[in-house]
>>> print(open('query.pdb').read())   # PDB, C-alpha atoms
ATOM      1  CA  MET P   1     -16.388   2.703  -9.650
ATOM      2  CA  ILE P   2     -13.887  -0.006  -8.811
ATOM      3  CA  GLY P   3     -14.317  -2.001  -5.610
ATOM      4  CA  TYR P   4     -11.177  -3.392  -3.997
ATOM      5  CA  ILE P   5     -11.362  -6.679  -2.099
ATOM      6  CA  ILE P   6      -8.166  -7.147  -0.111
ATOM      7  CA  VAL P   7      -7.334 -10.562   1.329
ATOM      8  CA  THR P   8      -5.084 -10.654   4.390
ATOM      9  CA  GLY P   9      -4.215 -13.254   6.996
ATOM     10  CA  THR P  10      -1.372 -15.192   8.495
ATOM     11  CA  ALA P  11       1.086 -17.258   6.443
ATOM     12  CA  GLY P  12      -0.513 -20.484   5.302
ATOM     13  CA  ALA P  13      -4.077 -19.305   5.838
ATOM     14  CA  GLY P  14      -4.884 -19.795   2.156
ATOM     15  CA  LYS P  15      -4.933 -16.193   0.923
ATOM     16  CA  SER P  16      -3.759 -16.874  -2.618
ATOM     17  CA  SER P  17      -6.117 -19.810  -3.058
ATOM     18  CA  LEU P  18      -9.017 -17.673  -1.873
ATOM     19  CA  VAL P  19      -8.048 -14.800  -4.189
ATOM     20  CA  GLY P  20      -8.205 -17.152  -7.165
ATOM     21  CA  ALA P  21     -11.476 -18.722  -6.027
ATOM     22  CA  LEU P  22     -13.120 -15.359  -5.342
ATOM     23  CA  ALA P  23     -12.061 -13.931  -8.700
ATOM     24  CA  ASP P  24     -13.281 -16.997 -10.586
ATOM     25  CA  ARG P  25     -16.607 -17.093  -8.759
ATOM     26  CA  MET P  26     -17.330 -13.388  -9.202
ATOM     27  CA  ALA P  27     -16.380 -13.563 -12.870
ATOM     28  CA  SER P  28     -18.727 -16.542 -13.344
ATOM     29  CA  LEU P  29     -21.543 -14.380 -11.979
ATOM     30  CA  GLY P  30     -20.905 -11.690 -14.575
ATOM     31  CA  ALA P  31     -18.518  -9.276 -12.851
ATOM     32  CA  ASN P  32     -15.417  -7.959 -14.579
ATOM     33  CA  VAL P  33     -12.681  -8.937 -12.103
ATOM     34  CA  ALA P  34      -8.958  -8.207 -12.042
ATOM     35  CA  THR P  35      -6.483  -9.763  -9.617
ATOM     36  CA  LEU P  36      -3.544  -7.923  -8.080
ATOM     37  CA  ASN P  37      -0.632  -9.755  -6.470
ATOM     38  CA  LEU P  38       1.170  -7.580  -3.922
ATOM     39  CA  ASP P  39       3.492 -10.327  -2.703
ATOM     40  CA  PRO P  40       6.890  -9.753  -4.351
ATOM     41  CA  ALA P  41       8.220 -12.981  -2.795
ATOM     42  CA  ALA P  42       5.538 -15.301  -4.181
ATOM     43  CA  GLU P  43       7.130 -18.194  -6.056
ATOM     44  CA  LYS P  44       4.009 -19.858  -7.427
ATOM     45  CA  LEU P  45       0.410 -18.668  -7.421
ATOM     46  CA  PRO P  46      -2.743 -20.752  -7.944
ATOM     47  CA  TYR P  47      -4.089 -18.050 -10.286
ATOM     48  CA  ASP P  48      -2.705 -15.882 -13.073
ATOM     49  CA  PRO P  49      -2.588 -12.319 -11.693
ATOM     50  CA  SER P  50      -3.809  -9.513 -13.925
ATOM     51  CA  VAL P  51      -1.292  -7.184 -12.280
ATOM     52  CA  ASP P  52       1.789  -8.486 -10.492
ATOM     53  CA  ALA P  53       4.142  -6.734  -8.059
ATOM     54  CA  ARG P  54       6.898  -9.083  -9.225
ATOM     55  CA  ASP P  55       6.928  -7.234 -12.544
ATOM     56  CA  TYR P  56       8.123  -4.127 -10.699
ATOM     57  CA  VAL P  57      10.337  -5.306  -7.833
ATOM     58  CA  SER P  58      12.524  -8.361  -7.278
ATOM     59  CA  VAL P  59      13.180  -9.888  -3.870
ATOM     60  CA  ALA P  60      15.923 -12.050  -5.382
ATOM     61  CA  GLU P  61      17.793  -9.009  -6.697
ATOM     62  CA  LEU P  62      17.587  -7.314  -3.308
ATOM     63  CA  MET P  63      18.929 -10.444  -1.627
ATOM     64  CA  ASP P  64      21.811 -10.465  -4.118
ATOM     65  CA  LYS P  65      22.683  -7.031  -2.778
ATOM     66  CA  GLY P  66      23.119  -8.454   0.727
ATOM     67  CA  LEU P  67      19.668  -8.269   2.306
ATOM     68  CA  GLY P  68      18.173 -11.271   4.102
ATOM     69  CA  PRO P  69      14.809 -12.735   3.027
ATOM     70  CA  ASN P  70      12.724 -10.602   5.394
ATOM     71  CA  GLY P  71      14.749  -7.458   4.776
ATOM     72  CA  ALA P  72      14.464  -7.962   1.027
ATOM     73  CA  LEU P  73      10.683  -8.408   1.264
ATOM     74  CA  VAL P  74      10.347  -5.267   3.381
ATOM     75  CA  ALA P  75      12.445  -3.288   0.892
ATOM     76  CA  ALA P  76      10.485  -4.712  -2.044
ATOM     77  CA  VAL P  77       7.085  -3.844  -0.557
ATOM     78  CA  ASP P  78       8.275  -0.369   0.438
ATOM     79  CA  SER P  79       9.715   0.283  -3.027
ATOM     80  CA  LEU P  80       6.350  -0.486  -4.632
ATOM     81  CA  ILE P  81       5.367   3.056  -3.656
ATOM     82  CA  ASN P  82       7.496   4.167  -6.625
ATOM     83  CA  HIS P  83       5.323   2.129  -8.966
ATOM     84  CA  VAL P  84       1.844   2.987  -7.693
ATOM     85  CA  LEU P  85       0.904   5.011 -10.771
ATOM     86  CA  ASP P  86       2.074   2.254 -13.117
ATOM     87  CA  ILE P  87       0.093  -0.344 -11.169
ATOM     88  CA  ARG P  88      -3.009   1.845 -11.249
ATOM     89  CA  GLU P  89      -2.595   2.299 -14.996
ATOM     90  CA  GLU P  90      -2.376  -1.465 -15.460
ATOM     91  CA  ILE P  91      -5.518  -1.969 -13.395
ATOM     92  CA  ASP P  92      -7.388   0.693 -15.369
ATOM     93  CA  TYR P  93      -6.519  -1.162 -18.567
ATOM     94  CA  TYR P  94      -8.817  -3.999 -17.480
ATOM     95  CA  SER P  95     -11.699  -1.629 -16.598
ATOM     96  CA  PRO P  96     -12.642  -3.947 -13.718
ATOM     97  CA  ASP P  97     -15.697  -3.808 -11.516
ATOM     98  CA  TYR P  98     -13.648  -5.388  -8.744
ATOM     99  CA  VAL P  99      -9.979  -5.911  -7.966
ATOM    100  CA  VAL P 100      -9.156  -8.845  -5.691
ATOM    101  CA  VAL P 101      -5.845  -8.161  -3.957
ATOM    102  CA  ASP P 102      -3.431 -10.815  -2.711
ATOM    103  CA  THR P 103      -1.091  -9.684   0.095
ATOM    104  CA  PRO P 104       2.250 -11.033   1.353
ATOM    105  CA  GLY P 105       2.237 -14.187   3.442
ATOM    106  CA  GLN P 106       4.320 -12.436   6.076
ATOM    107  CA  LEU P 107       1.440 -10.351   7.360
ATOM    108  CA  GLU P 108       3.505  -8.410   9.884
ATOM    109  CA  LEU P 109       5.860  -7.142   7.172
ATOM    110  CA  PHE P 110       2.943  -5.787   5.177
ATOM    111  CA  ALA P 111       0.305  -4.577   7.634
ATOM    112  CA  TYR P 112       2.444  -3.281  10.495
ATOM    113  CA  ARG P 113       4.980  -1.227   8.609
ATOM    114  CA  VAL P 114       4.237   2.098   6.943
ATOM    115  CA  GLY P 115       4.959   0.823   3.446
ATOM    116  CA  GLY P 116       2.250  -1.808   3.042
ATOM    117  CA  PRO P 117      -0.810   0.292   3.944
ATOM    118  CA  LEU P 118       0.686   3.289   2.114
ATOM    119  CA  VAL P 119       1.121   1.306  -1.114
ATOM    120  CA  LEU P 120      -2.371  -0.146  -0.795
ATOM    121  CA  ARG P 121      -3.997   3.251  -0.276
ATOM    122  CA  GLY P 122      -1.969   4.716  -3.119
ATOM    123  CA  ILE P 123      -3.224   2.042  -5.503
ATOM    124  CA  MET P 124      -6.842   2.275  -4.322
ATOM    125  CA  GLY P 125      -6.991   6.052  -4.498
ATOM    126  CA  ASP P 126     -10.542   7.205  -3.784
ATOM    127  CA  TYR P 127     -12.160   3.858  -4.544
ATOM    128  CA  ASN P 128     -13.898   1.798  -1.878
ATOM    129  CA  GLY P 129     -12.253  -1.224  -0.342
ATOM    130  CA  VAL P 130     -13.059  -4.059   2.024
ATOM    131  CA  ASN P 131     -10.592  -6.296   3.802
ATOM    132  CA  ILE P 132     -11.212 -10.022   4.201
ATOM    133  CA  PHE P 133      -9.121 -11.325   7.088
ATOM    134  CA  LEU P 134      -8.579 -15.063   7.010
ATOM    135  CA  ILE P 135      -8.381 -16.893  10.325
ATOM    136  CA  ASP P 136      -6.715 -20.251   9.714
ATOM    137  CA  SER P 137      -8.926 -23.096  10.920
ATOM    138  CA  ILE P 138      -6.018 -24.391  13.034
ATOM    139  CA  PHE P 139      -6.621 -21.465  15.414
ATOM    140  CA  ILE P 140     -10.092 -22.751  16.248
ATOM    141  CA  ASP P 141      -8.595 -25.713  18.128
ATOM    142  CA  ASN P 142      -8.538 -23.948  21.493
ATOM    143  CA  ALA P 143      -9.991 -20.772  22.944
ATOM    144  CA  ILE P 144      -6.723 -18.924  23.611
ATOM    145  CA  SER P 145      -5.523 -19.477  20.038
ATOM    146  CA  LEU P 146      -8.874 -18.207  18.807
ATOM    147  CA  VAL P 147      -8.695 -15.050  20.942
ATOM    148  CA  SER P 148      -5.139 -14.464  19.721
ATOM    149  CA  ALA P 149      -6.264 -14.779  16.099
ATOM    150  CA  LEU P 150      -9.157 -12.368  16.639
ATOM    151  CA  LEU P 151      -6.824  -9.907  18.346
ATOM    152  CA  LEU P 152      -4.550 -10.066  15.317
ATOM    153  CA  ALA P 153      -7.544  -9.543  13.044
ATOM    154  CA  SER P 154      -8.624  -6.488  15.044
ATOM    155  CA  SER P 155      -5.162  -4.951  14.884
ATOM    156  CA  VAL P 156      -5.089  -5.374  11.099
ATOM    157  CA  ALA P 157      -8.471  -3.632  10.911
ATOM    158  CA  VAL P 158      -6.937  -0.691  12.765
ATOM    159  CA  ARG P 159      -3.839  -0.646  10.566
ATOM    160  CA  LEU P 160      -5.675  -0.759   7.240
ATOM    161  CA  GLY P 161      -8.629   1.407   8.261
ATOM    162  CA  LEU P 162     -11.060  -0.502   6.035
ATOM    163  CA  PRO P 163     -14.346  -2.268   6.727
ATOM    164  CA  GLN P 164     -13.367  -5.838   7.477
ATOM    165  CA  VAL P 165     -14.963  -9.251   7.139
ATOM    166  CA  ASN P 166     -13.486 -12.005   9.279
ATOM    167  CA  ALA P 167     -13.607 -15.492   7.801
ATOM    168  CA  VAL P 168     -12.335 -18.886   8.904
ATOM    169  CA  SER P 169     -10.392 -20.476   6.059
ATOM    170  CA  LYS P 170     -10.156 -24.197   5.244
ATOM    171  CA  ALA P 171     -13.526 -24.596   6.937
ATOM    172  CA  ASP P 172     -13.948 -28.016   5.351
ATOM    173  CA  MET P 173     -11.314 -29.311   7.802
ATOM    174  CA  LEU P 174     -13.416 -28.439  10.853
ATOM    175  CA  LEU P 175     -15.768 -30.747  12.697
ATOM    176  CA  PRO P 176     -19.471 -30.176  11.974
ATOM    177  CA  GLU P 177     -20.170 -29.153  15.592
ATOM    178  CA  VAL P 178     -17.515 -26.433  15.383
ATOM    179  CA  ARG P 179     -18.990 -25.103  12.157
ATOM    180  CA  GLU P 180     -22.559 -25.241  13.428
ATOM    181  CA  GLU P 181     -22.234 -24.358  17.108
ATOM    182  CA  VAL P 182     -19.008 -22.378  17.645
ATOM    183  CA  ILE P 183     -18.246 -20.162  14.653
ATOM    184  CA  PRO P 184     -21.807 -18.774  14.296
ATOM    185  CA  ARG P 185     -21.698 -17.684  17.957
ATOM    186  CA  LEU P 186     -18.281 -15.957  18.005
ATOM    187  CA  GLY P 187     -19.853 -12.499  17.859
ATOM    188  CA  GLU P 188     -22.308 -13.300  20.645
ATOM    189  CA  PRO P 189     -21.610 -11.266  23.846
ATOM    190  CA  GLY P 190     -19.808 -13.371  26.422
ATOM    191  CA  PHE P 191     -19.260 -16.349  24.138
ATOM    192  CA  LEU P 192     -15.463 -15.964  23.914
ATOM    193  CA  GLU P 193     -15.259 -15.792  27.697
ATOM    194  CA  PHE P 194     -17.425 -18.896  27.884
ATOM    195  CA  LEU P 195     -15.022 -20.745  25.593
ATOM    196  CA  LEU P 196     -12.049 -19.609  27.685
ATOM    197  CA  GLU P 197     -13.726 -20.766  30.867
ATOM    198  CA  LYS P 198     -14.321 -24.200  29.355
ATOM    199  CA  ASP P 199     -10.742 -24.502  28.113
ATOM    200  CA  LYS P 200      -8.650 -26.131  30.851
ATOM    201  CA  THR P 201      -5.495 -26.247  28.720
ATOM    202  CA  TYR P 202      -4.201 -22.985  30.175
ATOM    203  CA  GLU P 203      -4.445 -21.426  33.601
ATOM    204  CA  GLY P 204      -2.902 -18.512  35.460
ATOM    205  CA  ALA P 205      -1.895 -15.063  34.235
ATOM    206  CA  GLY P 206      -1.972 -16.005  30.552
ATOM    207  CA  LYS P 207      -5.561 -17.120  30.709
ATOM    208  CA  ALA P 208      -6.539 -14.044  32.734
ATOM    209  CA  LEU P 209      -4.973 -11.835  30.075
ATOM    210  CA  ALA P 210      -6.828 -13.737  27.348
ATOM    211  CA  GLU P 211     -10.102 -13.132  29.185
ATOM    212  CA  GLU P 212      -9.411  -9.385  29.362
ATOM    213  CA  LEU P 213      -8.528  -9.299  25.664
ATOM    214  CA  ALA P 214     -11.697 -11.216  24.823
ATOM    215  CA  ARG P 215     -13.782  -8.672  26.730
ATOM    216  CA  ALA P 216     -12.036  -5.791  24.949
ATOM    217  CA  ILE P 217     -12.659  -7.319  21.529
ATOM    218  CA  GLU P 218     -16.308  -7.937  22.367
ATOM    219  CA  THR P 219     -16.807  -4.439  23.813
ATOM    220  CA  THR P 220     -15.793  -2.829  20.514
ATOM    221  CA  GLY P 221     -18.296  -4.959  18.635
ATOM    222  CA  PHE P 222     -15.446  -5.924  16.311
ATOM    223  CA  ILE P 223     -16.153  -9.589  15.697
ATOM    224  CA  GLY P 224     -19.609  -9.408  14.169
ATOM    225  CA  GLU P 225     -20.528 -12.236  11.831
ATOM    226  CA  VAL P 226     -17.646 -14.624  11.155
ATOM    227  CA  LEU P 227     -18.013 -16.334   7.793
ATOM    228  CA  GLN P 228     -16.612 -19.684   6.739
ATOM    229  CA  ALA P 229     -14.600 -20.203   3.582
ATOM    230  CA  SER P 230     -13.304 -23.234   1.747
ATOM    231  CA  VAL P 231     -12.142 -23.360  -1.847
ATOM    232  CA  LEU P 232     -13.589 -26.892  -1.872
ATOM    233  CA  GLU P 233     -17.068 -25.562  -1.052
ATOM    234  CA  PRO P 234     -18.194 -23.117  -3.778
ATOM    235  CA  GLU P 235     -21.228 -21.983  -1.769
ATOM    236  CA  THR P 236     -18.947 -20.507   0.928
ATOM    237  CA  ILE P 237     -17.017 -18.539  -1.705
ATOM    238  CA  THR P 238     -20.282 -17.244  -3.130
ATOM    239  CA  LEU P 239     -21.426 -16.031   0.299
ATOM    240  CA  LEU P 240     -18.084 -14.361   0.980
ATOM    241  CA  ALA P 241     -18.114 -12.606  -2.384
ATOM    242  CA  ALA P 242     -21.697 -11.459  -1.802
ATOM    243  CA  LYS P 243     -20.797 -10.029   1.615
ATOM    244  CA  ALA P 244     -17.821  -8.132   0.174
ATOM    245  CA  GLN P 245     -19.941  -6.738  -2.671
ATOM    246  CA  GLN P 246     -22.686  -5.734  -0.240
ATOM    247  CA  ILE P 247     -20.241  -3.760   1.897
ATOM    248  CA  LEU P 248     -18.616  -2.094  -1.107
ATOM    249  CA  ALA P 249     -22.046  -1.027  -2.304
ATOM    250  CA  GLY P 250     -22.790   0.541   1.070
ATOM    251  CA  GLY P 251     -25.493  -1.982   1.860
ATOM    252  CA  ASP P 252     -23.968  -3.255   5.103
ATOM    253  CA  ASP P 253     -22.826  -1.090   7.995
ATOM    254  CA  TYR P 254     -19.376  -2.198   9.134
ATOM    255  CA  LYS P 255     -17.283  -0.198  11.574
ATOM    256  CA  ILE P 256     -14.095   1.312  10.193
ATOM    257  CA  TYR P 257     -11.273   1.356  12.733
ATOM    258  CA  ASP P 258      -9.192   4.098  11.130
ATOM    259  CA  ILE P 259      -6.640   5.739  13.450
ATOM    260  CA  THR P 260      -5.536   8.192  10.736
ATOM    261  CA  GLY P 261      -8.790  10.154  10.873
ATOM    262  CA  GLN P 262      -9.064  10.022   7.075
TER     263      GLN P 262
END
>>> encode(input="query.pdb", output="structure tokens")
Amino acid sequence: MIGYIIVTGTAGAGKSSLVGALADRMASLGANVATLNLDPAAEKLPYDPSVDARDYVSVAELMDKGLGPNGALVAAVDSLINHVLDIREEIDYYSPDYVVVDTPGQLELFAYRVGGPLVLRGIMGDYNGVNIFLIDSIFIDNAISLVSALLLASSVAVRLGLPQVNAVSKADMLLPEVREEVIPRLGEPGFLEFLLEKDKTYEGAGKALAEELARAIETTGFIGEVLQASVLEPETITLLAAKAQQILAGGDDYKIYDITGQ
């Protein structure tokens, strides 16, 4: 059985770097790992993908036909549905234990349209998958940014309908007190509201809305354990890989927010 590890997150969060680091680390521990790039607009990647969407669709060619950059990316991702069987055949050639999947930097063009999740499910078939959502460490700077990032993470969990691990990327850039005292407590009831109350940067209706959103996120039990990841700290990659493998093996009970009922 193949286990799919999908990496999502906002542009610049370090998805491609993490895909390469995860694949290398898991392979070093004895797993047979394939990488799948689903970003047709990627110019350079820090790893050599086993299977590459750019072999099937071309954003440049679509732009030559008159589409803008975003329109061309949308059309490219959507058109991958015509190549799902070929992509699956390529993956099967490697007989992998795990497939680590890189997704487009423009998260909204992949996760919030029909095409992205449809292509992903078509490629995965009946195999298990887990989504790793990367929260860029820049969002940890203030409480409202953090709530916004977690809200985005929760909406992606709903869109993809997969068990999801939330991880803060580029964790090496954070202060020790943030890593030791803030991130480990994010899933603690009332902690987000506590952070919002302490944050005097914003006041008024915006802050009140953030407090309501924080309560909604906490009520669902969505946050759970937030891991830390840095490609400069191999031990964090090992822990993230272990968590993904544990979930894929059914050894950890994560909620699946699937609105399709499938």
>>> closest_residue(input="query.pdb", among="P:Pro163, P:Gly20, P:Gly12, P:Gly105", to="Asp48 of chain P", atoms="all atoms listed in the file")
P:Gly20
>>> closest_residue(input="query.pdb", among="P:Leu175, P:His83, P:Glu188, P:Asn131", to="Gly221 of chain P", atoms="all atoms listed in the file")
P:Glu188
>>> closest_residue(input="query.pdb", among="P:Ser154, P:Ala241, P:Val57, P:Val168", to="Ala216 of chain P", atoms="all atoms listed in the file")
P:Ser154
>>> atom_distance(input="query.pdb", atom1="atom CA of Ala244 of chain P", atom2="atom CA of Ala27 of chain P")
14.2 Å
>>> closest_residue(input="query.pdb", among="P:Leu22, P:Leu227, P:Leu45, P:Val74", to="Val59 of chain P", atoms="all atoms listed in the file")
P:Val74
>>> closest_residue(input="query.pdb", among="P:Val77, P:Ala111, P:Leu232, P:Ala11", to="Ser155 of chain P", atoms="all atoms listed in the file")
P:Ala111
>>> atom_distance(input="query.pdb", atom1="atom CA of Leu146 of chain P", atom2="atom CA of Ile6 of chain P")
21.9 Å
>>> atom_distance(input="query.pdb", atom1="atom CA of Arg88 of chain P", atom2="atom CA of Pro69 of chain P")
27.1 Å
>>> closest_atom_pairs(input="query.pdb", of="segment 120-237 of chain P", to="segment 92-103 of chain P", cutoff="10 Å", atoms="all atoms listed in the file", output="tab-separated table")
residue	atom	partner	partner_atom	distance
P:Leu120	CA	P:Val101	CA	9.3
P:Met124	CA	P:Val99	CA	9.5
P:Asn128	CA	P:Tyr98	CA	9.9
P:Gly129	CA	P:Val99	CA	9.2
P:Val130	CA	P:Val100	CA	9.9
P:Asn131	CA	P:Val101	CA	9.3
P:Ile132	CA	P:Val101	CA	9.9
>>> axis_aligned_box(input="query.pdb", around="segment 66-79 of chain P", padding_each_side="6 Å", output="lines of an AutoDock Vina configuration file")
center_x = 15.1
center_y = -6.2
center_z = 1.2
size_x = 28.0
size_y = 25.0
size_z = 20.4
>>> closest_residue(input="query.pdb", among="P:Thr219, P:Ser169, P:Thr35, P:Thr201", to="Ile237 of chain P", atoms="all atoms listed in the file")
P:Ser169
>>> residues_near_point(input="query.pdb", point="(-9.5, -10.3, -13.1)", cutoff="7 Å", atoms="all atoms listed in the file", output="NGL selection string")
:P and (23 or 32-35 or 50 or 99)
>>> residues_around(input="query.pdb", residues="Met63 of chain P", least_positions_apart="4", cutoff="6 Å", atoms="all atoms listed in the file", output="list in words")
Leu67, Gly68 and Ala72 of chain P
>>> resolve_selection(input="query.pdb", expression="the PyMOL selection byres ((chain P and resi 236) around 12)", output="list of chain:residue names")
P:Leu18, P:Ala21, P:Leu22, P:Arg25, P:Ala167, P:Val168, P:Ser169, P:Lys170, P:Ala171, P:Asp172, P:Val226, P:Leu227, P:Gln228, P:Ala229, P:Ser230, P:Val231, P:Leu232, P:Glu233, P:Pro234, P:Glu235, P:Ile237, P:Thr238, P:Leu239, P:Leu240, P:Ala241, P:Ala242, P:Lys243
>>> residues_around(input="query.pdb", residues="Val147 of chain P", least_positions_apart="6", cutoff="12 Å", atoms="only C-alpha atoms", output="NGL selection string")
:P and (135 or 139-141 or 153-154 or 186-187 or 191-196 or 206-207 or 209-218 or 223)
